>>> print(open('query21.txt').read())   # compact mmCIF, C-alpha atoms
# COMPACT_ATOMS: atom_id res chain seq x y z
CA MET A 14 20.39 -70.54 51.07
CA VAL A 15 21.73 -69.15 47.81
CA CYS A 16 22.58 -65.64 46.64
CA LEU A 17 25.18 -64.32 44.22
CA GLY A 18 28.43 -64.03 46.18
CA ASN A 19 27.52 -65.82 49.43
CA ILE A 20 28.70 -62.94 51.61
CA CYS A 21 25.58 -60.83 52.36
CA ARG A 22 22.10 -62.33 52.10
CA SER A 23 22.62 -66.08 52.13
CA PRO A 24 24.98 -66.06 55.16
CA LEU A 25 22.36 -64.07 57.08
CA ALA A 26 19.65 -66.52 56.02
CA GLU A 27 21.86 -69.46 57.02
CA GLY A 28 22.58 -67.93 60.42
CA LEU A 29 18.95 -67.03 61.05
CA LEU A 30 17.49 -70.39 60.08
CA SER A 31 20.22 -72.24 61.98
CA ALA A 32 19.33 -70.24 65.09
CA LYS A 33 15.65 -71.17 64.73
CA LEU A 34 16.03 -74.91 64.14
CA PRO A 35 17.44 -77.73 66.27
CA ASN A 36 20.98 -78.33 64.96
CA ASP A 37 20.76 -82.06 65.69
CA LYS A 38 17.95 -82.46 63.12
CA PHE A 39 18.73 -79.91 60.42
CA ILE A 40 21.80 -78.97 58.40
CA ILE A 41 21.67 -75.44 57.06
CA ASP A 42 24.23 -74.14 54.58
CA SER A 43 24.63 -71.32 52.10
CA ALA A 44 26.34 -70.77 48.78
CA GLY A 45 26.65 -68.31 45.94
CA THR A 46 26.01 -68.86 42.28
CA GLY A 47 29.16 -66.84 41.56
CA ALA A 48 32.69 -67.71 42.69
CA TYR A 49 33.66 -64.12 43.51
CA HIS A 50 34.27 -64.58 47.24
CA VAL A 51 34.96 -68.31 47.68
CA GLY A 52 36.70 -68.98 51.00
CA LYS A 53 36.01 -65.53 52.44
CA GLN A 54 34.00 -64.59 55.52
CA PRO A 55 30.65 -62.89 55.13
CA ASP A 56 30.63 -59.14 54.52
CA GLN A 57 31.45 -57.23 57.73
CA ARG A 58 28.07 -55.49 57.55
CA SER A 59 26.29 -58.87 57.56
CA ILE A 60 28.46 -60.00 60.46
CA GLN A 61 27.63 -56.81 62.38
CA VAL A 62 23.87 -56.94 61.84
CA ALA A 63 23.77 -60.63 62.80
CA LYS A 64 25.89 -59.98 65.91
CA LYS A 65 23.55 -57.13 66.90
CA HIS A 66 20.79 -59.78 67.06
CA GLY A 67 22.86 -62.39 68.89
CA ILE A 68 23.83 -64.50 65.88
CA ASP A 69 27.46 -65.30 65.06
CA ILE A 70 28.13 -65.95 61.37
CA THR A 71 31.91 -65.39 61.50
CA SER A 72 32.72 -69.09 61.01
CA GLN A 73 30.95 -69.20 57.64
CA LYS A 74 33.07 -69.26 54.48
CA ALA A 75 31.71 -68.43 51.04
CA ARG A 76 31.43 -71.29 48.57
CA GLN A 77 29.97 -71.71 45.11
CA PHE A 78 26.70 -73.55 44.54
CA THR A 79 27.20 -76.75 42.53
CA SER A 80 24.96 -79.44 41.06
CA ARG A 81 26.00 -81.71 44.00
CA ASP A 82 23.94 -79.46 46.27
CA PHE A 83 20.80 -80.94 44.72
CA GLU A 84 21.86 -84.32 46.12
CA ASN A 85 23.05 -82.98 49.48
CA PHE A 86 20.03 -80.82 50.40
CA ASP A 87 16.27 -81.32 50.51
CA TYR A 88 15.44 -77.62 50.08
CA ILE A 89 17.25 -74.88 48.17
CA PHE A 90 16.17 -71.28 48.76
CA ALA A 91 17.15 -68.55 46.32
CA MET A 92 17.42 -64.97 47.49
CA ASP A 93 16.32 -63.49 44.14
CA ASN A 94 14.99 -64.36 40.70
CA SER A 95 18.35 -64.12 38.95
CA ASN A 96 19.95 -66.64 41.29
CA TYR A 97 16.81 -68.79 41.14
CA ASP A 98 17.29 -69.03 37.37
CA ASN A 99 21.02 -69.76 37.79
CA ILE A 100 20.23 -72.58 40.22
CA LEU A 101 17.62 -74.11 37.89
CA ASP A 102 20.17 -74.02 35.05
CA LEU A 103 22.24 -76.54 37.07
CA ALA A 104 19.28 -78.84 37.80
CA LYS A 105 19.54 -82.19 36.04
CA ASN A 106 15.92 -83.27 36.45
CA GLU A 107 12.47 -82.30 37.71
CA ALA A 108 13.22 -83.66 41.20
CA HIS A 109 16.10 -81.19 41.48
CA LYS A 110 13.94 -78.33 40.23
CA ALA A 111 11.25 -79.19 42.77
CA LYS A 112 13.70 -78.53 45.62
CA VAL A 113 14.19 -74.87 44.60
CA ASP A 114 12.05 -71.99 45.85
CA MET A 115 12.36 -68.28 46.42
CA ILE A 116 12.90 -67.74 50.13
CA LEU A 117 10.46 -64.83 50.40
CA ASN A 118 7.67 -67.04 49.01
CA HIS A 119 7.26 -68.10 52.63
CA LEU A 120 6.45 -64.51 53.52
CA PHE A 121 4.73 -63.52 50.26
CA PRO A 122 3.38 -66.83 48.84
CA GLY A 123 3.75 -67.19 45.10
CA GLU A 124 4.92 -63.60 44.55
CA ASN A 125 8.60 -64.45 43.83
CA VAL A 126 9.79 -61.31 45.63
CA ASP A 127 13.56 -60.69 45.64
CA VAL A 128 15.53 -60.16 48.82
CA PRO A 129 17.29 -56.93 47.83
CA ASP A 130 21.07 -57.13 47.61
CA PRO A 131 22.42 -54.70 50.24
CA TYR A 132 26.05 -54.93 49.07
CA TYR A 133 26.19 -51.55 47.30
CA GLY A 134 23.63 -49.83 49.51
CA LEU A 135 23.75 -48.13 52.87
CA GLN A 136 24.13 -49.86 56.24
CA ASN A 137 20.38 -49.80 56.87
CA GLY A 138 20.00 -52.05 53.81
CA PHE A 139 21.58 -54.84 55.85
CA ASP A 140 19.17 -54.14 58.71
CA MET A 141 16.21 -54.27 56.32
CA VAL A 142 17.43 -57.51 54.75
CA PHE A 143 17.96 -59.00 58.21
CA GLU A 144 14.38 -58.14 59.23
CA MET A 145 12.94 -59.64 56.02
CA LEU A 146 14.95 -62.81 56.38
CA ASP A 147 14.20 -63.06 60.11
CA GLU A 148 10.47 -62.97 59.46
CA THR A 149 10.55 -65.46 56.59
CA CYS A 150 12.97 -67.79 58.44
CA SER A 151 10.60 -67.87 61.42
CA ILE A 152 7.78 -69.01 59.12
CA LEU A 153 10.08 -71.46 57.32
CA ALA A 154 11.41 -72.92 60.58
CA LYS A 155 7.87 -73.55 61.83
CA LYS A 156 6.97 -75.32 58.56
CA LEU A 157 10.15 -77.44 58.63
CA ILE A 158 9.66 -78.47 62.26
CA GLU A 159 6.05 -79.47 61.52
CA LYS A 160 7.12 -81.44 58.44
CA HIS A 161 10.16 -83.06 60.08
CA PRO A 162 9.38 -83.37 63.83
>>> encode(input="query21.txt", output="structure tokens")
Amino acid sequence: MVCLGNICRSPLAEGLLSAKLPNDKFIIDSAGTGAYHVGKQPDQRSIQVAKKHGIDITSQKARQFTSRDFENFDYIFAMDNSNYDNILDLAKNEAHKAKVDMILNHLFPGENVDVPDPYYGLQNGFDMVFEMLDETCSILAKKLIEKHP
């Protein structure tokens, strides 16, 4: 799960997908294309909205996406088109590029819809992002479980 700073959207996506998949079969992580918040906890508003839905993301620490992530992960989900492009810029080959997708393509196939960045918005922006990611992570979890029983 990749966004810009790894403190709002991608930590929520990581927490949601982790809650929907068996942790003995799947490793879910998140990162940011920027290094702005490396080592910091998710934004308090992300922590609060996740907690409201029974998900604890307080142990997550922001990190920067690197080219090694292409080797360490089978799937890489970008939260928006800008970060999608930044991820592809680090890809060394077509196999790496094939691992990258926009996360909301599981909700809106082929539309490349951005998950809006709630950082500078109002609190309800975090609620809206949570709902979007919850719905798409439910679809994604079902697909992953079917593909990797």
>>> residues_around(input="query21.txt", residues="range 141-143 of chain A", least_positions_apart="4", cutoff="10 Å", atoms="all atoms listed in the file", output="PDB file with C-alpha atoms, keeping the file's coordinate frame")
ATOM      1  CA  CYS A  21      25.580 -60.830  52.360  1.00  0.00           C
ATOM      2  CA  ARG A  22      22.100 -62.330  52.100  1.00  0.00           C
ATOM      3  CA  LEU A  25      22.360 -64.070  57.080  1.00  0.00           C
ATOM      4  CA  ALA A  26      19.650 -66.520  56.020  1.00  0.00           C
ATOM      5  CA  LEU A  29      18.950 -67.030  61.050  1.00  0.00           C
ATOM      6  CA  SER A  59      26.290 -58.870  57.560  1.00  0.00           C
ATOM      7  CA  VAL A  62      23.870 -56.940  61.840  1.00  0.00           C
ATOM      8  CA  ALA A  63      23.770 -60.630  62.800  1.00  0.00           C
ATOM      9  CA  HIS A  66      20.790 -59.780  67.060  1.00  0.00           C
ATOM     10  CA  VAL A 128      15.530 -60.160  48.820  1.00  0.00           C
ATOM     11  CA  PRO A 129      17.290 -56.930  47.830  1.00  0.00           C
ATOM     12  CA  ASP A 130      21.070 -57.130  47.610  1.00  0.00           C
ATOM     13  CA  PRO A 131      22.420 -54.700  50.240  1.00  0.00           C
ATOM     14  CA  GLN A 136      24.130 -49.860  56.240  1.00  0.00           C
ATOM     15  CA  ASN A 137      20.380 -49.800  56.870  1.00  0.00           C
ATOM     16  CA  ASP A 147      14.200 -63.060  60.110  1.00  0.00           C
ATOM     17  CA  GLU A 148      10.470 -62.970  59.460  1.00  0.00           C
ATOM     18  CA  THR A 149      10.550 -65.460  56.590  1.00  0.00           C
TER      19      THR A 149
END
>>> residues_around(input="query21.txt", residues="range 112-124 of chain A", least_positions_apart="6", cutoff="6 Å", atoms="all atoms listed in the file", output="ChimeraX atom specification")
/A:88-92,149
>>> atom_distance(input="query21.txt", atom1="CA of Ile60 in chain A", atom2="CA of Asp93 in chain A")
20.6 Å
>>> atom_distance(input="query21.txt", atom1="CA of Ala108 in chain A", atom2="CA of Cys16 in chain A")
21.0 Å
>>> atom_distance(input="query21.txt", atom1="CA of Gly47 in chain A", atom2="CA of Leu157 in chain A")
27.7 Å
>>> residues_around(input="query21.txt", residues="Lys105 in chain A", least_positions_apart="4", cutoff="9 Å", atoms="only C-alpha atoms", output="list in words")
Ser80, Phe83, Leu101, His109 and Lys110 of chain A
>>> closest_atom_pairs(input="query21.txt", of="range 62-96 of chain A", to="range 54-57 of chain A", cutoff="7 Å", atoms="only C-alpha atoms", output="Markdown table")
| residue | atom | partner | partner_atom | distance |
| --- | --- | --- | --- | --- |
| A:Thr71 | CA | A:Gln54 | CA | 6.4 |
| A:Gln73 | CA | A:Gln54 | CA | 5.9 |
| A:Lys74 | CA | A:Gln54 | CA | 4.9 |
| A:Ala75 | CA | A:Gln54 | CA | 6.3 |
>>> closest_residue(input="query21.txt", among="A:Asp98, A:Ile70, A:Val51, A:Glu107", to="Ala32 in chain A", atoms="all atoms listed in the file")
A:Ile70
>>> residues_near_point(input="query21.txt", point="(18.7, -72.6, 56.0)", cutoff="8 Å", atoms="only C-alpha atoms", output="list in words")
Met14, Ala26, Glu27, Gly28, Leu29, Leu30, Ser31, Ile40, Ile41, Asp42, Ser43, Phe90 and Cys150 of chain A
>>> write_last_selection(input="query21.txt", atoms="C-alpha atoms", output="mmCIF file, in the coordinates of the input")
data_model
loop_
_atom_site.group_PDB
_atom_site.id
_atom_site.type_symbol
_atom_site.label_atom_id
_atom_site.label_comp_id
_atom_site.auth_asym_id
_atom_site.auth_seq_id
_atom_site.Cartn_x
_atom_site.Cartn_y
_atom_site.Cartn_z
ATOM 1 C CA MET A 14 20.390 -70.540 51.070
ATOM 2 C CA ALA A 26 19.650 -66.520 56.020
ATOM 3 C CA GLU A 27 21.860 -69.460 57.020
ATOM 4 C CA GLY A 28 22.580 -67.930 60.420
ATOM 5 C CA LEU A 29 18.950 -67.030 61.050
ATOM 6 C CA LEU A 30 17.490 -70.390 60.080
ATOM 7 C CA SER A 31 20.220 -72.240 61.980
ATOM 8 C CA ILE A 40 21.800 -78.970 58.400
ATOM 9 C CA ILE A 41 21.670 -75.440 57.060
ATOM 10 C CA ASP A 42 24.230 -74.140 54.580
ATOM 11 C CA SER A 43 24.630 -71.320 52.100
ATOM 12 C CA PHE A 90 16.170 -71.280 48.760
ATOM 13 C CA CYS A 150 12.970 -67.790 58.440
#
>>> closest_residue(input="query21.txt", among="A:Val126, A:Ile20, A:Leu135, A:Ile68", to="Lys53 in chain A", atoms="only C-alpha atoms")
A:Ile20
>>> build_atoms(input="query21.txt", residues="range 135-162 of chain A", atoms="N, CA and C atoms", output="PDB file, in the frame of the given file")
ATOM      1  N   LEU A 135      23.367 -48.663  51.569  1.00  0.00           N
ATOM      2  CA  LEU A 135      23.750 -48.130  52.870  1.00  0.00           C
ATOM      3  C   LEU A 135      23.637 -49.196  53.952  1.00  0.00           C
ATOM      4  N   GLN A 136      24.162 -48.916  55.123  1.00  0.00           N
ATOM      5  CA  GLN A 136      24.130 -49.860  56.240  1.00  0.00           C
ATOM      6  C   GLN A 136      22.713 -50.315  56.552  1.00  0.00           C
ATOM      7  N   ASN A 137      21.740 -49.393  56.501  1.00  0.00           N
ATOM      8  CA  ASN A 137      20.380 -49.800  56.870  1.00  0.00           C
ATOM      9  C   ASN A 137      19.809 -50.831  55.910  1.00  0.00           C
ATOM     10  N   GLY A 138      20.422 -50.993  54.727  1.00  0.00           N
ATOM     11  CA  GLY A 138      20.000 -52.050  53.810  1.00  0.00           C
ATOM     12  C   GLY A 138      20.222 -53.425  54.429  1.00  0.00           C
ATOM     13  N   PHE A 139      21.309 -53.569  55.172  1.00  0.00           N
ATOM     14  CA  PHE A 139      21.580 -54.840  55.850  1.00  0.00           C
ATOM     15  C   PHE A 139      20.566 -55.078  56.966  1.00  0.00           C
ATOM     16  N   ASP A 140      20.194 -54.015  57.672  1.00  0.00           N
ATOM     17  CA  ASP A 140      19.170 -54.140  58.710  1.00  0.00           C
ATOM     18  C   ASP A 140      17.830 -54.550  58.102  1.00  0.00           C
ATOM     19  N   MET A 141      17.475 -53.935  56.979  1.00  0.00           N
ATOM     20  CA  MET A 141      16.210 -54.270  56.320  1.00  0.00           C
ATOM     21  C   MET A 141      16.211 -55.707  55.820  1.00  0.00           C
ATOM     22  N   VAL A 142      17.318 -56.133  55.222  1.00  0.00           N
ATOM     23  CA  VAL A 142      17.430 -57.510  54.750  1.00  0.00           C
ATOM     24  C   VAL A 142      17.352 -58.476  55.925  1.00  0.00           C
ATOM     25  N   PHE A 143      18.015 -58.149  57.025  1.00  0.00           N
ATOM     26  CA  PHE A 143      17.960 -59.000  58.210  1.00  0.00           C
ATOM     27  C   PHE A 143      16.513 -59.165  58.672  1.00  0.00           C
ATOM     28  N   GLU A 144      15.775 -58.071  58.763  1.00  0.00           N
ATOM     29  CA  GLU A 144      14.380 -58.140  59.230  1.00  0.00           C
ATOM     30  C   GLU A 144      13.523 -58.993  58.311  1.00  0.00           C
ATOM     31  N   MET A 145      13.687 -58.820  56.986  1.00  0.00           N
ATOM     32  CA  MET A 145      12.940 -59.640  56.020  1.00  0.00           C
ATOM     33  C   MET A 145      13.242 -61.121  56.205  1.00  0.00           C
ATOM     34  N   LEU A 146      14.533 -61.411  56.266  1.00  0.00           N
ATOM     35  CA  LEU A 146      14.950 -62.810  56.380  1.00  0.00           C
ATOM     36  C   LEU A 146      14.566 -63.394  57.734  1.00  0.00           C
ATOM     37  N   ASP A 147      14.596 -62.579  58.785  1.00  0.00           N
ATOM     38  CA  ASP A 147      14.200 -63.060  60.110  1.00  0.00           C
ATOM     39  C   ASP A 147      12.738 -63.487  60.095  1.00  0.00           C
ATOM     40  N   GLU A 148      11.900 -62.655  59.504  1.00  0.00           N
ATOM     41  CA  GLU A 148      10.470 -62.970  59.460  1.00  0.00           C
ATOM     42  C   GLU A 148      10.204 -64.221  58.625  1.00  0.00           C
ATOM     43  N   THR A 149      10.803 -64.297  57.449  1.00  0.00           N
ATOM     44  CA  THR A 149      10.550 -65.460  56.590  1.00  0.00           C
ATOM     45  C   THR A 149      11.180 -66.724  57.168  1.00  0.00           C
ATOM     46  N   CYS A 150      12.345 -66.609  57.826  1.00  0.00           N
ATOM     47  CA  CYS A 150      12.970 -67.790  58.440  1.00  0.00           C
ATOM     48  C   CYS A 150      12.174 -68.302  59.625  1.00  0.00           C
ATOM     49  N   SER A 151      11.475 -67.418  60.328  1.00  0.00           N
ATOM     50  CA  SER A 151      10.600 -67.870  61.420  1.00  0.00           C
ATOM     51  C   SER A 151       9.456 -68.718  60.856  1.00  0.00           C
ATOM     52  N   ILE A 152       8.861 -68.257  59.769  1.00  0.00           N
ATOM     53  CA  ILE A 152       7.780 -69.010  59.120  1.00  0.00           C
ATOM     54  C   ILE A 152       8.320 -70.330  58.584  1.00  0.00           C
ATOM     55  N   LEU A 153       9.462 -70.268  57.908  1.00  0.00           N
ATOM     56  CA  LEU A 153      10.080 -71.460  57.320  1.00  0.00           C
ATOM     57  C   LEU A 153      10.457 -72.475  58.397  1.00  0.00           C
ATOM     58  N   ALA A 154      11.026 -72.010  59.497  1.00  0.00           N
ATOM     59  CA  ALA A 154      11.410 -72.920  60.580  1.00  0.00           C
ATOM     60  C   ALA A 154      10.188 -73.646  61.141  1.00  0.00           C
ATOM     61  N   LYS A 155       9.106 -72.924  61.320  1.00  0.00           N
ATOM     62  CA  LYS A 155       7.870 -73.550  61.830  1.00  0.00           C
ATOM     63  C   LYS A 155       7.396 -74.642  60.870  1.00  0.00           C
ATOM     64  N   LYS A 156       7.405 -74.336  59.567  1.00  0.00           N
ATOM     65  CA  LYS A 156       6.970 -75.320  58.560  1.00  0.00           C
ATOM     66  C   LYS A 156       7.891 -76.549  58.573  1.00  0.00           C
ATOM     67  N   LEU A 157       9.195 -76.320  58.658  1.00  0.00           N
ATOM     68  CA  LEU A 157      10.150 -77.440  58.630  1.00  0.00           C
ATOM     69  C   LEU A 157      10.016 -78.315  59.878  1.00  0.00           C
ATOM     70  N   ILE A 158       9.826 -77.705  61.021  1.00  0.00           N
ATOM     71  CA  ILE A 158       9.660 -78.470  62.260  1.00  0.00           C
ATOM     72  C   ILE A 158       8.371 -79.288  62.210  1.00  0.00           C
ATOM     73  N   GLU A 159       7.303 -78.720  61.656  1.00  0.00           N
ATOM     74  CA  GLU A 159       6.050 -79.470  61.520  1.00  0.00           C
ATOM     75  C   GLU A 159       6.196 -80.629  60.544  1.00  0.00           C
ATOM     76  N   LYS A 160       6.942 -80.413  59.470  1.00  0.00           N
ATOM     77  CA  LYS A 160       7.120 -81.440  58.440  1.00  0.00           C
ATOM     78  C   LYS A 160       8.115 -82.524  58.859  1.00  0.00           C
ATOM     79  N   HIS A 161       9.108 -82.147  59.651  1.00  0.00           N
ATOM     80  CA  HIS A 161      10.160 -83.060  60.080  1.00  0.00           C
ATOM     81  C   HIS A 161      10.322 -82.981  61.603  1.00  0.00           C
ATOM     82  N   PRO A 162       9.340 -83.505  62.348  1.00  0.00           N
ATOM     83  CA  PRO A 162       9.380 -83.370  63.830  1.00  0.00           C
ATOM     84  C   PRO A 162      10.571 -84.066  64.476  1.00  0.00           C
TER      85      PRO A 162
END
